[in-house]
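Report on one structure; see the data block that follows.
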Amino acid sequence: MSDAADLDLVPAIATRREDALSGLSRMVSQGLGWARKFSLFQYPFVTACCGMEFMAVASARYDLDRFGAALPRFSPRQADLLMVVGTVNCKQAPILKRIHDSMADPKWVIAFGVCASSGGFYDNYATVQGIDRVIPVDVYIPGCPPRPEQVLDGILLLQKKIQAQPHKLIDRLPPGQPGQG
Amino acid sequence: MSKAAIQRLKERFPDAVTDPYEGVGGDAVAMVRKDRVREVCRFAKDDPALAFNLAPYITAVDFLGSDPRFDLVYQLSSTVHGHRVRLRVGVPAADPRVPSVVEVWKGADWYERYCWDMYGIRFDGHPDPRRLYMYEEFVGHPLRKDYSLRGRQPLIPERVVDEAFRGPGPAGRD
């Protein structure tokens with residue numbers, strides 16, 4: 001048997017093995033996605049007037065708890081979802097980055113309101129023109145401030161995104177690779 | 001009432017308090033010489049007929065192109081007599097140093113730090129002359145008229161984004 005024929009066989013076997021594993025891991029991934037999208041522990045990084053709208057959407061009338069995103073954790077290490085609510089200026093940007101860095105994976109970020117999304121009308125010497133210049137963002141919610149319905153729509157969008165993402169039971173980086181962010 | 005207060009200040013300091021007029025809102029306004037500020041303020045607070053025990057706001061105005069370039073504005077108020085006056089102090093750009101009035105009104109502390117931060121006016125004798133709003137790494141004074149409107153000085157590296165066209169308005173100014 002020549003080496004070439006040997007090499008030809010290997011991918012075929014590996015593909016079948018991967019098929020079998022990927023079917024399982026897809027089921028696991030979907031299950032994990034389902035679990036994760038309905039238990040978003042959020043860290044509210046509230047800096048400005050959008051915070052009032054955040055309170056409205058978090059409290060009884062609009063009730064974020066219906067979507068499993070009600071429990072604010074005031075430690076970034078316990079949070080999955082970083083909600084940046086309000087204007088972030090250059091002085092705060094290192095703080096925001098540090099909070100995002102100290103969140104454990106998997107983590108998602110929502111830019112709540114137009115200031116967090118793009119700087120809004122604060123196109124001036126002090127304001128970061130959108131938090132995506134500092135940290136990655138999953139969902140942008142426009143509005144000044146956004147209506148609670150918009151926020152709920154943003155949460156639903158994020159849930160869709162989380163469900164569609166690949167999830168793993170054990171997600172380790174290869175050794176020697178520095179952490180993300 | 002506030003006119004009488006300005007009159008009294010003017011009688012006491014004929015060479016330091018000049019040009020009284022009625023400002024916007026009906027408050028009496030007078031110009032004060034820069035090096036006599038603390039003396040005038042001390043008198044305005046301690047004199048029983050004036051008793052300006054509050055300095056609710058101290059701020060500055062940048063009149064770029066005129067001389068003196070800056071105007072420090074001291075808004076004084078008395079809870080004893082219920083009257084108010086406004087004192088204006090011209091500050092030249094070449095020597096933006098003014099005696100601090102923190103020893104007169106403790107509350108002037110942050111206002112003077114604000115004026116240093118935003119306009120670059122130094123206050124001699126201030127106990128804690130740091131910036132108030134901006135960070136220590138910030139270079140320049142953002143509310144000066146010759147500071148660029150979008151002169152951002154980020155503390156951490158930011159993702160580079162091509163400038164979007166934001167339509168007419170102040171954003172297109174510089």
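By convention here, the chains of the structure tokens are called A, B, ... in the order presented, each chain's residues are numbered starting at 1, and ligands are numbered starting at 1 in the order presented.
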(Q) For a quick test of understanding: name the residues of chain B lying within 8 Å of chain A when counting only C-alpha atoms, and present them as a count of residues only. (A) 18
(Q) When you look at segment 54-71 of chain B with a cut-off of 9 Å (counting only C-alpha atoms), what residues show up, excluding the ones that are within fewer than 3 positions of it in the same chain? I need them as a ChimeraX atom specification. (A) /B:45,51,74-79,88-94,96,105,107-108,111-112,114-115,118-119,121,143-146
Q: Determine the nearest neighbour of Leu173 of chain A from the options A:Leu81, A:Phe74, A:Gly51, A:Asp105, counting only C-alpha atoms.
A: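 Among the listed residues, the smallest separation from Leu173 of chain A belongs to A:Asp105.
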Q) Which residues, written as an NGL selection string, have at least one atom at most 12 Å from Ile170 of chain A, with only C-alpha atoms counted and residues fewer than 5 positions away on the same chain left out? A) :A and (25 or 28-29 or 32 or 105-106)
Q.
Need to verify the contact set: segment 28-44 of chain B, 10 Å, only C-alpha atoms, exclusion of same-chain residues closer than 6 positions in sequence. Can you return it as a PyMOL selection string?
A. chain B and resi 1-10+12-13+15-22+50-53+55+71-78+83-92+96-105
Q | Distance in Å - atom CA of Gly23 of chain B versus atom CA of Pro48 of chain B | A | 24.3 Å
Q. How far is it from atom CA of His100 of chain A to atom CA of Arg77 of chain A, in Å with one decimal?
A. 9.3 Å
Q. What's the 9 Å shell around segment 44-49 of chain A, counting only C-alpha atoms, without same-chain residues fewer than 3 positions away, as a list in words?
A.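 The neighbour list is Met52, Glu53, Phe54, Pro72, Arg73, Phe74, Leu81, Leu82, Met83, Val84, Val85, Gly86, Thr87, Val88, Leu96, Cys144 and Pro145 of chain A.
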Using N, CA and C atoms, can you write the selected residues to a file as a tab-separated table (two decimals), in the first residue's frame?
chain	number	residue	atom	x	y	z
A	52	MET	N	-32.52	55.98	33.09
A	52	MET	CA	-33.93	56.04	33.48
A	52	MET	C	-34.74	55.07	32.63
A	53	GLU	N	-34.42	55.02	31.35
A	53	GLU	CA	-35.15	54.11	30.46
A	53	GLU	C	-34.79	52.66	30.78
A	54	PHE	N	-33.55	52.48	31.19
A	54	PHE	CA	-33.15	51.13	31.60
A	54	PHE	C	-33.95	50.69	32.82
A	72	PRO	N	-29.52	41.85	37.55
A	72	PRO	CA	-28.27	42.58	37.38
A	72	PRO	C	-27.22	42.08	38.37
A	73	ARG	N	-26.04	41.82	37.86
A	73	ARG	CA	-24.93	41.43	38.72
A	73	ARG	C	-23.99	42.62	38.77
A	74	PHE	N	-23.67	43.07	39.95
A	74	PHE	CA	-22.80	44.24	40.01
A	74	PHE	C	-21.34	43.85	40.13
A	81	LEU	N	-23.77	39.57	30.17
A	81	LEU	CA	-24.21	40.60	29.24
A	81	LEU	C	-23.81	41.96	29.81
A	82	LEU	N	-22.99	42.68	29.06
A	82	LEU	CA	-22.60	44.02	29.47
A	82	LEU	C	-23.51	45.00	28.76
A	83	MET	N	-24.32	45.71	29.54
A	83	MET	CA	-25.21	46.70	28.94
A	83	MET	C	-24.57	48.07	29.16
A	84	VAL	N	-24.11	48.69	28.10
A	84	VAL	CA	-23.50	50.01	28.23
A	84	VAL	C	-24.60	51.03	27.98
A	85	VAL	N	-25.07	51.62	29.07
A	85	VAL	CA	-26.25	52.47	29.01
A	85	VAL	C	-25.79	53.91	29.18
A	86	GLY	N	-25.68	54.63	28.09
A	86	GLY	CA	-25.35	56.05	28.21
A	86	GLY	C	-24.02	56.41	27.61
A	87	THR	N	-23.70	57.70	27.72
A	87	THR	CA	-22.51	58.24	27.11
A	87	THR	C	-21.25	57.71	27.78
A	88	VAL	N	-20.29	57.34	27.00
A	88	VAL	CA	-18.99	56.95	27.54
A	88	VAL	C	-17.97	57.96	27.04
A	96	LEU	N	-14.34	51.07	31.15
A	96	LEU	CA	-15.24	50.19	30.40
A	96	LEU	C	-14.46	49.01	29.84
A	144	CYS	N	-32.87	57.96	21.71
A	144	CYS	CA	-32.30	58.93	22.64
A	144	CYS	C	-33.36	59.43	23.60
A	145	PRO	N	-33.71	58.69	24.64
A	145	PRO	CA	-33.30	57.29	24.87
A	145	PRO	C	-34.20	56.34	24.10
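Compared by their closest atoms to Pro148 of chain A, and using only C-alpha atoms, the residues A:Asp19, A:Phe112, A:Ser75, A:Ser39 rank with A:Phe112 nearest.
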Q: From segment 9-169 of chain B, collect each residue whose DSSP state is strand (DSSP E) and return the set as an MDAnalysis selection string.
A: chainID B and resid 17:22 28:32 54:62 70:77 84:91 97:99 122:124
Next, write the just-selected residues to a file, as a tab-separated table (two decimals), in the first residue's frame, keeping N, CA and C atoms as the atom set.
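Printed below is out-v6.tsv as written:
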chain	number	residue	atom	x	y	z
B	17	VAL	N	-12.89	98.59	41.92
B	17	VAL	CA	-14.22	98.24	41.40
B	17	VAL	C	-14.66	99.38	40.48
B	18	THR	N	-14.85	99.05	39.19
B	18	THR	CA	-15.15	100.11	38.22
B	18	THR	C	-16.31	99.69	37.32
B	19	ASP	N	-16.76	100.63	36.52
B	19	ASP	CA	-17.73	100.42	35.45
B	19	ASP	C	-18.96	99.62	35.87
B	20	PRO	N	-19.74	100.09	36.85
B	20	PRO	CA	-20.95	99.34	37.17
B	20	PRO	C	-22.01	99.49	36.08
B	21	TYR	N	-22.75	98.44	35.84
B	21	TYR	CA	-23.87	98.51	34.90
B	21	TYR	C	-24.87	97.43	35.28
B	22	GLU	N	-26.07	97.51	34.69
B	22	GLU	CA	-27.08	96.51	34.98
B	22	GLU	C	-27.00	95.40	33.96
B	28	ALA	N	-26.80	93.73	39.25
B	28	ALA	CA	-25.79	94.77	39.06
B	28	ALA	C	-24.44	94.10	38.85
B	29	VAL	N	-23.70	94.63	37.88
B	29	VAL	CA	-22.42	94.05	37.51
B	29	VAL	C	-21.36	95.13	37.65
B	30	ALA	N	-20.16	94.74	38.04
B	30	ALA	CA	-19.05	95.69	38.05
B	30	ALA	C	-17.78	94.95	37.68
B	31	MET	N	-16.86	95.68	37.09
B	31	MET	CA	-15.56	95.11	36.79
B	31	MET	C	-14.66	95.24	38.01
B	32	VAL	N	-13.83	94.25	38.25
B	32	VAL	CA	-12.90	94.28	39.39
B	32	VAL	C	-11.50	94.08	38.85
B	54	LEU	N	-22.46	83.54	49.93
B	54	LEU	CA	-22.46	82.46	48.94
B	54	LEU	C	-21.81	82.95	47.65
B	55	ALA	N	-21.04	82.07	47.05
B	55	ALA	CA	-20.59	82.31	45.67
B	55	ALA	C	-21.17	81.18	44.84
B	56	PRO	N	-22.42	81.31	44.39
B	56	PRO	CA	-23.08	80.16	43.76
B	56	PRO	C	-22.45	79.73	42.45
B	57	TYR	N	-21.77	80.62	41.79
B	57	TYR	CA	-21.14	80.21	40.55
B	57	TYR	C	-19.96	81.10	40.24
B	58	ILE	N	-18.87	80.47	39.88
B	58	ILE	CA	-17.71	81.20	39.37
B	58	ILE	C	-17.34	80.55	38.05
B	59	THR	N	-17.34	81.32	37.01
B	59	THR	CA	-17.01	80.72	35.71
B	59	THR	C	-16.21	81.72	34.89
B	60	ALA	N	-15.91	81.34	33.69
B	60	ALA	CA	-15.09	82.20	32.83
B	60	ALA	C	-15.71	82.26	31.45
B	61	VAL	N	-15.34	83.30	30.71
B	61	VAL	CA	-15.77	83.46	29.33
B	61	VAL	C	-14.52	83.74	28.51
B	62	ASP	N	-14.46	83.13	27.34
B	62	ASP	CA	-13.32	83.35	26.46
B	62	ASP	C	-13.75	84.28	25.34
B	70	PHE	N	-9.85	86.76	28.60
B	70	PHE	CA	-10.82	86.02	29.42
B	70	PHE	C	-11.55	86.96	30.36
B	71	ASP	N	-12.74	86.55	30.71
B	71	ASP	CA	-13.50	87.20	31.76
B	71	ASP	C	-13.82	86.17	32.81
B	72	LEU	N	-13.38	86.42	34.04
B	72	LEU	CA	-13.85	85.58	35.14
B	72	LEU	C	-15.12	86.23	35.68
B	73	VAL	N	-16.14	85.43	35.92
B	73	VAL	CA	-17.41	85.97	36.39
B	73	VAL	C	-17.70	85.37	37.76
B	74	TYR	N	-17.79	86.24	38.75
B	74	TYR	CA	-18.13	85.79	40.10
B	74	TYR	C	-19.57	86.18	40.36
B	75	GLN	N	-20.40	85.19	40.55
B	75	GLN	CA	-21.79	85.45	40.91
B	75	GLN	C	-21.87	85.36	42.43
B	76	LEU	N	-22.24	86.46	43.07
B	76	LEU	CA	-22.29	86.46	44.54
B	76	LEU	C	-23.73	86.60	44.99
B	77	SER	N	-24.02	85.95	46.10
B	77	SER	CA	-25.39	85.97	46.60
B	77	SER	C	-25.35	86.03	48.12
B	84	ARG	N	-28.07	89.97	45.13
B	84	ARG	CA	-27.04	89.32	44.31
B	84	ARG	C	-26.27	90.38	43.53
B	85	VAL	N	-25.00	90.11	43.31
B	85	VAL	CA	-24.23	90.94	42.37
B	85	VAL	C	-23.37	90.02	41.53
B	86	ARG	N	-22.85	90.59	40.47
B	86	ARG	CA	-21.95	89.84	39.59
B	86	ARG	C	-20.69	90.66	39.45
B	87	LEU	N	-19.55	90.03	39.68
B	87	LEU	CA	-18.27	90.72	39.52
B	87	LEU	C	-17.54	90.11	38.33
B	88	ARG	N	-17.04	90.97	37.46
B	88	ARG	CA	-16.29	90.49	36.30
B	88	ARG	C	-14.84	90.90	36.43
B	89	VAL	N	-13.96	89.97	36.11
B	89	VAL	CA	-12.53	90.23	36.22
B	89	VAL	C	-11.90	89.93	34.87
B	90	GLY	N	-11.29	90.92	34.26
B	90	GLY	CA	-10.60	90.68	33.00
B	90	GLY	C	-9.28	89.98	33.24
B	91	VAL	N	-9.02	88.92	32.48
B	91	VAL	CA	-7.79	88.15	32.65
B	91	VAL	C	-7.07	88.12	31.30
B	97	ARG	N	-3.31	84.51	35.57
B	97	ARG	CA	-3.21	84.14	36.98
B	97	ARG	C	-4.07	85.10	37.79
B	98	VAL	N	-4.86	84.52	38.68
B	98	VAL	CA	-5.80	85.30	39.49
B	98	VAL	C	-5.65	84.82	40.93
B	99	PRO	N	-5.75	85.72	41.92
B	99	PRO	CA	-5.74	85.24	43.31
B	99	PRO	C	-6.95	84.36	43.59
B	122	ARG	N	-5.07	80.13	35.97
B	122	ARG	CA	-4.44	79.64	37.19
B	122	ARG	C	-4.92	80.47	38.38
B	123	PHE	N	-5.09	79.82	39.52
B	123	PHE	CA	-5.51	80.54	40.72
B	123	PHE	C	-4.41	80.44	41.76
B	124	ASP	N	-3.82	81.57	42.08
B	124	ASP	CA	-2.73	81.59	43.06
B	124	ASP	C	-3.29	81.35	44.44
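Atom pair atom CA of Leu71 of chain A / atom CA of Phe41 of chain A has a distance of 5.6 Å (rounded to one decimal).
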Q: Would you mind listing what lies within 8 Å of Ala104 of chain A as an NGL selection string, with only C-alpha atoms counted and same-chain residues fewer than 2 positions away left out?
A: :A and (76-80 or 101-102 or 106-107)
Q: Using DSSP on the backbone coordinates, identify the residues of segment 20-81 of chain B assigned to alpha helix (DSSP H); present them as number ranges by chain.
A: B: 37-46
Q) Could you pull the residues within 10 Å of Ala35 of chain A, counting only C-alpha atoms, minus those fewer than 6 positions along the same chain, as a count of residues only? A) 4
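Among the candidates A:Leu64, A:Ala70, A:Val137, A:Cys115, the one nearest to Glu149 of chain A when counting only C-alpha atoms is A:Leu64.
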